[in-house]
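Source file: query_4.cif; contents: mmCIF, C-alpha atoms.
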```
data_run
#
loop_
_atom_site.label_atom_id
_atom_site.label_comp_id
_atom_site.auth_asym_id
_atom_site.auth_seq_id
_atom_site.Cartn_x
_atom_site.Cartn_y
_atom_site.Cartn_z
CA MET E 28 -38.56 -27.87 -11.30
CA ASN E 29 -39.51 -24.64 -9.53
CA CYS E 30 -38.76 -21.06 -10.69
CA LYS E 31 -35.79 -20.60 -8.34
CA ASN E 32 -34.00 -23.70 -9.66
CA ALA E 33 -34.92 -22.84 -13.24
CA GLN E 34 -33.45 -19.33 -12.98
CA LEU E 35 -30.19 -20.66 -11.55
CA LEU E 36 -29.78 -22.71 -14.72
CA LEU E 37 -30.66 -19.98 -17.22
CA SER E 38 -27.15 -18.58 -17.77
CA ALA E 39 -25.69 -22.03 -18.36
CA TYR E 40 -28.64 -22.78 -20.67
CA LEU E 41 -27.83 -19.71 -22.80
CA ASP E 42 -24.19 -20.82 -22.95
CA SER E 43 -25.17 -24.39 -23.97
CA GLU E 44 -23.50 -25.69 -20.82
CA LEU E 45 -26.35 -27.79 -19.37
CA THR E 46 -26.46 -31.56 -19.32
CA GLY E 47 -29.15 -33.27 -21.40
CA SER E 48 -31.47 -33.93 -18.48
CA GLU E 49 -31.07 -30.40 -17.05
CA MET E 50 -31.90 -28.90 -20.43
CA HIS E 51 -34.92 -31.14 -20.85
CA ARG E 52 -36.33 -30.19 -17.43
CA LEU E 53 -35.61 -26.48 -17.93
CA ARG E 54 -37.24 -26.36 -21.36
CA LYS E 55 -40.31 -28.04 -19.94
CA HIS E 56 -40.45 -25.44 -17.16
CA LEU E 57 -39.94 -22.53 -19.58
CA SER E 58 -42.81 -23.68 -21.77
CA ASP E 59 -45.12 -23.39 -18.74
CA CYS E 60 -43.72 -20.28 -16.99
CA ASP E 61 -44.04 -16.71 -18.36
CA CYS E 62 -41.96 -15.26 -15.57
CA CYS E 63 -38.92 -17.47 -16.29
CA ARG E 64 -39.30 -16.91 -20.03
CA GLN E 65 -39.09 -13.16 -19.36
CA GLU E 66 -35.97 -13.74 -17.28
CA GLU E 67 -34.47 -15.81 -20.10
CA THR E 68 -35.12 -12.98 -22.61
CA GLU E 69 -33.46 -10.41 -20.37
CA LEU E 70 -30.38 -12.55 -19.78
CA ARG E 71 -30.17 -13.24 -23.53
CA THR E 72 -30.19 -9.47 -24.12
CA LEU E 73 -27.41 -8.99 -21.61
CA LYS E 74 -25.32 -11.77 -23.14
CA SER E 75 -25.74 -10.15 -26.52
CA ILE E 76 -24.51 -6.80 -25.15
CA LEU E 77 -21.37 -8.45 -23.78
CA THR E 78 -20.71 -10.58 -26.85
CA ASP E 79 -20.80 -7.44 -29.00
CA VAL E 80 -18.46 -5.26 -26.94
CA PRO E 81 -15.75 -4.10 -29.34
CA GLN E 82 -12.15 -5.14 -28.92
CA VAL E 83 -10.07 -2.37 -27.34
CA THR E 84 -6.89 -1.71 -29.29
CA PRO E 85 -3.62 -0.79 -27.57
CA PRO E 86 -1.59 2.31 -28.53
CA ASP E 87 0.47 1.95 -31.74
CA ASP E 88 3.83 1.78 -29.98
CA PHE E 89 2.66 -0.67 -27.31
CA GLU E 90 3.89 -3.82 -29.09
CA GLU E 91 7.47 -2.55 -29.35
CA ARG E 92 7.48 -1.17 -25.81
CA LEU E 93 6.19 -4.49 -24.52
CA CYS E 94 8.89 -6.54 -26.31
CA SER E 95 11.67 -4.21 -25.13
CA LEU E 96 10.43 -4.29 -21.56
CA VAL E 97 9.98 -8.08 -21.32
CA PHE E 98 13.38 -9.00 -22.80
CA ALA E 99 15.24 -6.15 -21.06
CA GLN E 100 13.76 -7.18 -17.71
CA LYS E 101 14.78 -10.82 -18.24
CA ARG E 102 18.31 -9.76 -19.22
CA SER E 103 18.53 -7.54 -16.18
CA ASP E 104 17.36 -10.42 -13.91
CA ASP E 105 20.00 -12.74 -15.45
CA GLU E 106 22.77 -10.13 -15.20
CA GLY E 107 21.75 -9.35 -11.64
CA TRP E 108 22.19 -13.00 -10.72
CA ASN E 109 25.50 -13.29 -12.59
CA ARG E 110 26.77 -10.23 -10.74
CA SER E 111 25.53 -11.31 -7.34
CA TRP E 112 26.38 -15.03 -7.29
CA PRO E 113 30.06 -14.53 -6.18
CA LEU E 114 28.79 -12.38 -3.31
CA VAL E 115 26.16 -14.97 -2.34
CA SER E 116 28.76 -17.77 -2.49
CA GLY E 117 31.21 -15.71 -0.37
CA VAL E 118 28.60 -15.06 2.31
CA ALA E 119 27.68 -18.76 2.37
CA LEU E 120 31.36 -19.73 2.73
CA ILE E 121 31.98 -17.31 5.60
CA THR E 122 28.81 -18.48 7.38
CA ALA E 123 29.93 -22.12 7.07
CA ALA E 124 33.42 -21.28 8.40
CA LEU E 125 31.99 -19.37 11.38
CA THR E 126 29.63 -22.24 12.17
CA LEU E 127 32.54 -24.70 12.16
CA LEU E 128 34.58 -22.41 14.40
CA VAL E 129 31.75 -22.07 16.94
CA MET E 130 31.16 -25.83 16.94
CA ASN E 131 34.88 -26.51 17.54
CA HIS E 132 34.96 -24.02 20.38
CA LEU E 133 31.93 -25.62 22.05
CA SER E 134 33.44 -29.08 21.67
CA ASP E 135 36.74 -27.91 23.30
CA SER E 136 34.86 -26.39 26.25
CA VAL E 137 33.14 -29.69 26.90
CA GLN E 138 36.41 -31.61 26.74
CA THR E 139 38.32 -29.24 29.12
CA ALA E 140 35.66 -29.29 31.85
CA PRO E 141 36.90 -31.43 34.80
CA LYS E 142 35.26 -34.78 35.16
CA GLN E 143 33.24 -35.22 38.32
CA GLY E 144 35.05 -38.51 39.15
CA ASN E 145 38.48 -36.78 39.08
CA VAL E 146 37.28 -34.04 41.43
CA VAL E 147 36.09 -36.59 44.00
CA ALA E 148 39.31 -38.59 43.65
CA SER E 149 41.40 -35.48 44.17
CA GLU E 150 39.43 -34.56 47.31
CA LEU E 151 39.81 -38.08 48.74
CA ARG E 152 43.55 -38.03 48.02
CA ARG E 153 43.92 -34.69 49.83
CA ASP E 154 41.98 -36.02 52.86
CA GLN E 155 44.08 -39.20 52.97
CA THR E 156 47.40 -37.36 52.74
CA THR E 157 46.28 -34.94 55.44
CA LEU E 158 45.37 -37.88 57.67
CA ALA E 159 48.78 -39.49 56.94
CA GLY E 160 50.50 -36.24 57.95
CA ALA E 161 51.83 -35.32 54.51
CA ASN E 162 51.48 -31.94 52.79
CA PRO E 163 49.23 -32.47 49.77
CA ILE E 164 50.65 -29.41 48.04
CA PHE E 165 54.36 -30.26 48.23
CA ASP E 166 54.40 -34.08 48.56
CA SER E 167 52.12 -35.84 46.13
CA SER E 168 54.10 -39.15 46.34
CA THR E 169 52.42 -40.08 49.66
CA SER E 170 48.91 -40.26 48.23
CA PHE E 171 46.94 -43.48 48.44
CA PRO E 172 45.16 -45.09 45.55
CA THR E 173 41.44 -44.28 45.71
CA GLY E 174 40.00 -46.20 42.80
CA TYR E 175 38.13 -43.06 41.47
CA GLU E 176 40.90 -41.91 39.12
CA GLY E 177 39.82 -41.78 35.56
CA LYS E 178 36.11 -42.09 36.31
CA MET Y 24 30.80 -29.42 -21.35
CA ILE Y 25 31.21 -26.67 -23.95
CA GLY Y 26 28.78 -28.54 -26.19
CA VAL Y 27 26.14 -28.60 -23.43
CA ILE Y 28 26.48 -24.87 -22.78
CA ALA Y 29 26.25 -24.09 -26.50
CA LYS Y 30 23.15 -26.27 -26.82
CA ASP Y 31 21.50 -24.49 -23.85
CA ARG Y 32 22.28 -21.14 -25.37
CA ILE Y 33 20.73 -22.16 -28.67
CA SER Y 34 17.57 -23.49 -27.05
CA SER Y 35 17.30 -20.35 -24.94
CA ARG Y 36 17.60 -18.23 -28.08
CA GLU Y 37 14.99 -20.40 -29.80
CA GLY Y 38 12.73 -20.09 -26.77
CA GLN Y 39 13.02 -16.31 -26.85
CA ALA Y 40 12.20 -16.20 -30.57
CA ARG Y 41 9.22 -18.48 -30.04
CA PHE Y 42 7.97 -16.45 -27.09
CA GLU Y 43 8.38 -13.20 -28.99
CA SER Y 44 6.35 -14.56 -31.88
CA LEU Y 45 3.54 -15.69 -29.53
CA MET Y 46 3.64 -12.35 -27.71
CA ARG Y 47 3.35 -10.37 -30.93
CA CYS Y 48 0.39 -12.54 -32.06
CA THR Y 49 -1.56 -12.34 -28.80
CA HIS Y 50 -0.76 -8.98 -27.22
CA ARG Y 51 -3.74 -7.16 -28.81
CA GLN Y 52 -6.22 -9.75 -27.54
CA ALA Y 53 -4.49 -9.71 -24.15
CA TYR Y 54 -4.65 -5.91 -24.01
CA SER Y 55 -8.37 -5.90 -24.78
CA LEU Y 56 -9.12 -8.39 -22.00
CA ALA Y 57 -6.85 -6.45 -19.63
CA TYR Y 58 -8.71 -3.23 -20.47
CA ARG Y 59 -12.07 -4.89 -19.76
CA LEU Y 60 -10.73 -6.27 -16.49
CA THR Y 61 -9.15 -3.06 -15.21
CA GLY Y 62 -11.37 -0.43 -16.82
CA ASN Y 63 -8.62 1.93 -18.00
CA ALA Y 64 -5.71 2.11 -20.44
CA SER Y 65 -2.91 2.73 -17.96
CA GLU Y 66 -3.78 -0.23 -15.70
CA ALA Y 67 -4.40 -2.39 -18.77
CA GLU Y 68 -0.85 -1.71 -20.01
CA ASP Y 69 0.58 -2.51 -16.58
CA LEU Y 70 -1.41 -5.73 -16.38
CA VAL Y 71 -0.34 -6.89 -19.86
CA GLN Y 72 3.31 -6.13 -19.09
CA GLU Y 73 3.16 -7.99 -15.78
CA THR Y 74 1.42 -10.93 -17.48
CA PHE Y 75 3.99 -11.29 -20.27
CA LEU Y 76 6.88 -10.85 -17.82
CA ARG Y 77 5.54 -13.70 -15.67
CA ALA Y 78 4.79 -15.77 -18.77
CA TYR Y 79 8.34 -15.35 -20.10
CA ARG Y 80 9.86 -16.22 -16.73
CA PHE Y 81 7.87 -19.48 -16.60
CA PHE Y 82 7.78 -20.19 -20.35
CA HIS Y 83 9.63 -23.47 -19.76
CA LYS Y 84 6.52 -24.68 -17.90
CA TYR Y 85 4.14 -23.91 -20.76
CA ASP Y 86 2.64 -27.05 -22.32
CA ALA Y 87 2.63 -26.40 -26.06
CA GLN Y 88 -0.26 -28.88 -26.49
CA LEU Y 89 -2.60 -26.34 -24.89
CA PRO Y 90 -3.65 -22.98 -26.36
CA PHE Y 91 -1.18 -20.24 -25.45
CA THR Y 92 -4.00 -17.78 -24.71
CA SER Y 93 -5.56 -20.08 -22.09
CA TRP Y 94 -2.22 -20.28 -20.29
CA LEU Y 95 -1.70 -16.53 -20.68
CA TYR Y 96 -5.19 -15.72 -19.38
CA ARG Y 97 -4.58 -17.87 -16.34
CA ILE Y 98 -1.52 -15.78 -15.57
CA MET Y 99 -3.39 -12.56 -16.32
CA THR Y 100 -6.43 -13.33 -14.16
CA ASN Y 101 -4.18 -14.34 -11.26
CA ALA Y 102 -2.12 -11.17 -11.67
CA HIS Y 103 -5.30 -9.09 -11.82
CA ILE Y 104 -6.91 -10.64 -8.75
CA ASP Y 105 -3.56 -10.37 -6.88
CA SER Y 106 -3.36 -6.70 -7.81
CA VAL Y 107 -6.96 -5.99 -6.76
CA ARG Y 108 -6.39 -7.70 -3.42
CA ARG Y 109 -3.04 -5.98 -2.90
CA LYS Y 110 -4.56 -2.60 -3.50
CA GLY Y 111 -7.30 -3.57 -1.07
CA ARG Y 112 -10.03 -2.48 -3.33
CA LEU Y 113 -12.68 -4.40 -5.16
CA ARG Y 114 -13.58 -1.64 -7.53
CA VAL Y 115 -17.22 -1.02 -6.83
CA THR Y 116 -18.23 2.16 -8.56
CA SER Y 117 -21.58 3.81 -8.33
CA LEU Y 118 -22.83 6.37 -10.78
CA ASP Y 119 -24.08 8.27 -7.77
CA GLN Y 120 -20.50 8.68 -6.58
CA MET Y 121 -18.00 11.23 -7.83
CA GLY Y 122 -17.25 11.06 -11.58
CA PRO Y 123 -13.83 10.11 -13.00
CA ASP Y 124 -12.86 13.73 -13.62
CA GLY Y 125 -13.62 14.74 -10.05
CA ALA Y 126 -16.95 16.24 -11.05
CA GLY Y 127 -20.14 15.18 -9.35
CA THR Y 128 -21.53 13.03 -12.17
CA TRP Y 129 -20.50 10.45 -14.78
CA ASP Y 130 -20.93 11.40 -18.41
CA VAL Y 131 -23.24 8.67 -19.68
CA PRO Y 132 -24.21 9.12 -23.33
CA ASP Y 133 -27.84 9.39 -24.37
CA LEU Y 134 -28.16 6.50 -26.83
CA ASP Y 135 -31.58 7.52 -28.08
CA SER Y 136 -30.07 10.62 -29.68
CA SER Y 137 -27.34 8.77 -31.64
CA PRO Y 138 -28.90 6.70 -34.42
CA ASP Y 139 -25.69 5.87 -36.25
CA ARG Y 140 -24.66 2.24 -35.63
CA ALA Y 141 -20.93 2.92 -35.16
CA MET Y 142 -21.65 5.80 -32.84
CA MET Y 143 -24.12 3.67 -30.96
CA GLU Y 144 -21.59 0.88 -30.43
CA GLU Y 145 -19.11 3.39 -29.11
CA ALA Y 146 -21.76 4.93 -26.90
CA LEU Y 147 -22.83 1.52 -25.60
CA ASP Y 148 -19.29 0.70 -24.65
CA GLU Y 149 -18.86 3.20 -21.84
CA PRO Y 150 -21.88 2.25 -19.72
CA VAL Y 151 -21.07 -1.43 -20.23
CA GLN Y 152 -17.47 -0.85 -19.13
CA LEU Y 153 -18.71 1.06 -16.08
CA ALA Y 154 -21.03 -1.82 -15.26
CA LEU Y 155 -18.16 -4.32 -15.67
CA THR Y 156 -15.92 -2.24 -13.41
CA SER Y 157 -18.63 -2.22 -10.75
CA MET Y 158 -18.50 -6.03 -10.44
CA THR Y 159 -16.35 -8.09 -8.09
CA ALA Y 160 -13.11 -9.21 -9.74
CA GLU Y 161 -13.94 -12.94 -9.80
CA PHE Y 162 -17.41 -12.44 -11.33
CA ARG Y 163 -16.08 -9.94 -13.90
CA THR Y 164 -13.33 -12.36 -14.96
CA ALA Y 165 -15.72 -15.29 -15.39
CA VAL Y 166 -18.26 -13.24 -17.36
CA LEU Y 167 -15.60 -11.71 -19.64
CA LEU Y 168 -14.00 -15.07 -20.39
CA ALA Y 169 -17.39 -16.55 -21.26
CA ASP Y 170 -19.02 -13.72 -23.18
CA VAL Y 171 -16.18 -11.67 -24.63
CA GLU Y 172 -13.58 -14.43 -25.13
CA GLY Y 173 -16.19 -17.10 -25.86
CA MET Y 174 -14.54 -19.74 -23.68
CA ALA Y 175 -16.31 -22.91 -22.49
CA TYR Y 176 -16.98 -23.33 -18.76
CA GLU Y 177 -14.42 -26.12 -18.47
CA GLU Y 178 -11.74 -23.92 -20.00
CA ILE Y 179 -12.69 -21.03 -17.69
CA ALA Y 180 -12.51 -23.38 -14.70
CA GLU Y 181 -9.00 -24.33 -15.83
CA VAL Y 182 -7.98 -20.68 -16.23
CA MET Y 183 -9.47 -19.65 -12.87
CA LYS Y 184 -8.31 -22.83 -11.10
CA THR Y 185 -11.76 -23.64 -9.81
CA SER Y 186 -14.62 -26.07 -10.46
CA VAL Y 187 -17.09 -25.90 -13.35
CA GLY Y 188 -19.89 -25.51 -10.77
CA THR Y 189 -18.22 -22.41 -9.33
CA VAL Y 190 -17.77 -20.98 -12.84
CA ARG Y 191 -21.44 -21.58 -13.58
CA SER Y 192 -22.44 -19.80 -10.39
CA ARG Y 193 -20.01 -16.87 -10.93
CA ILE Y 194 -21.24 -16.28 -14.46
CA HIS Y 195 -24.89 -16.38 -13.43
CA ARG Y 196 -24.43 -14.08 -10.44
CA GLY Y 197 -22.11 -11.81 -12.43
CA ARG Y 198 -24.63 -11.34 -15.23
CA LYS Y 199 -27.33 -10.55 -12.69
CA GLN Y 200 -25.08 -7.93 -11.04
CA LEU Y 201 -24.38 -6.44 -14.44
CA ARG Y 202 -28.03 -6.33 -15.44
CA ARG Y 203 -29.01 -4.72 -12.14
CA PHE Y 204 -26.36 -2.04 -12.63
CA LEU Y 205 -27.40 -1.30 -16.22
CA ILE Y 206 -31.12 -1.17 -15.39
CA GLN Y 207 -30.37 1.24 -12.55
CA HIS Y 208 -27.86 3.50 -14.30
CA SER Y 209 -28.18 3.03 -18.07
CA PRO Y 210 -31.62 1.56 -18.86
CA GLN Y 211 -31.32 2.92 -22.41
CA VAL Y 212 -28.63 0.27 -23.15
CA ILE Y 213 -30.96 -2.59 -22.27
CA ARG Y 214 -33.87 -0.91 -24.09
CA ARG Y 215 -31.88 -0.39 -27.28
CA ILE Y 216 -30.62 -3.97 -27.45
CA SER Y 217 -34.03 -5.44 -26.54
CA ASN Y 218 -35.60 -3.56 -29.46
CA GLU Y 219 -33.00 -4.95 -31.83
CA LEU Y 220 -33.39 -8.57 -30.77
#
```

In structure tokens, what does this structure look like?
Amino acid sequence: MNCKNAQLLLSAYLDSELTGSEMHRLRKHLSDCDCCRQEETELRTLKSILTDVPQVTPPDDFEERLCSLVFAQKRSDDEGWNRSWPLVSGVALITAALTLLVMNHLSDSVQTAPKQGNVVASELRRDQTTLAGANPIFDSSTSFPTGYEGK
Amino acid sequence: MIGVIAKDRISSREGQARFESLMRCTHRQAYSLAYRLTGNASEAEDLVQETFLRAYRFFHKYDAQLPFTSWLYRIMTNAHIDSVRRKGRLRVTSLDQMGPDGAGTWDVPDLDSSPDRAMMEEALDEPVQLALTSMTAEFRTAVLLADVEGMAYEEIAEVMKTSVGTVRSRIHRGRKQLRRFLIQHSPQVIRRISNEL
């Protein structure tokens, strides 16, 4: 193990978080290396500083303020939902109705569009009646069957 | 139907009582960690409030087999890191920069002139807090959970939702950042502790 690898393991070593083999190799290195031992001492000092930092206490009234705030906020969230759900449901209902209306309208437009087969049949009928000398506007009884009707 | 509603109401009331009891037991510890994470009382209060609000909202997801504080700290560290990112600042503070009161310098106590142990602890606290505040949020969180809360790496990994290897690296790099800061700005802290050890 070289110094670079050893120093990467030092923090975990001080926290007793190394595996057995890592600890064995690190201890062997530390027994031979003054520089890494110095590093270990300094990190141990630092850990001791952090372990000893005093607990910071909150203000005296904090506990009560905290409880009031947490439960009041939850109540307000619940009440907000209870107040708003009829509105949300109403909007959803109107949206659904409008969607249905638009879909119906589109479907009607498709159905009322003239079929291409009927247009051709009507043109053929007009040509045939004209050829037969009848007026296609006033006398539709003289038309000839074309075979395109209904297509 | 009425029976089901009544049962839900009872369990909700029981849940609230249980949560309140846990909150009253743990809020001091939570405040202390929040103070170390944020570096000041006002932000610590905000962080604790946000943490307990989130915890109460998702209390139904809490697994009672696990320690409540571990679950709470997970929420707190996420809330803290979210807040730091949202504010767009990783609080890196240099003693060479403007002091907290707008003056040109920080007021760092001279530990060599305060022999009393209680006074010394108090005096040690400020430079250490400044050093903690100078760290990146992820490193600070890992170091605090390990050294101040005394948590194992696996537990910290669970709280921070990361791997044990990442925790190991964050703690090591965090401590080195901290030491560099203290040596540069408050060498008397290191000196005093080294003499005691």

Near stretch 188-194 of chain Y, counting only C-alpha atoms, which residues have an atom at most 6 Å away, once you skip same-chain residues fewer than 4 positions from it, shown as number ranges by chain?
Y: 162, 165-166

Selection near stretch 51-59 of chain E, 10 Å with all atoms listed in the file, sequence-local residues under 4 positions removed, as number ranges by chain
E: 28-30, 32-34, 36-37, 40, 45-47, 63-67

Using only C-alpha atoms, determine which residues of chain E fall within 12 Å of chain Y; present them as a count of residues only.
53

Surrounding residues of Y:His103 excluding itself and chain neighbours under 3 positions, 8 Å, all atoms listed in the file, as a JSON list (two decimals) with C-alpha atoms, in the coordinates of the input:
```json
[["chain", "number", "residue", "atom", "x", "y", "z"],
["Y", 60, "LEU", "CA", -10.73, -6.27, -16.49],
["Y", 61, "THR", "CA", -9.15, -3.06, -15.21],
["Y", 70, "LEU", "CA", -1.41, -5.73, -16.38],
["Y", 99, "MET", "CA", -3.39, -12.56, -16.32],
["Y", 100, "THR", "CA", -6.43, -13.33, -14.16],
["Y", 106, "SER", "CA", -3.36, -6.70, -7.81],
["Y", 107, "VAL", "CA", -6.96, -5.99, -6.76]]
```

I'd like the interatomic distance between atom CA of Y:Ser93 and atom CA of Y:Thr159, to a tenth of an Å.
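Pair atom CA of Y:Ser93 / atom CA of Y:Thr159 returns 21.4 Å.
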
Would you compute the distance between atom CA of Y:Arg97 and atom CA of Y:Met183? Give it in Å to one decimal.
6.3 Å
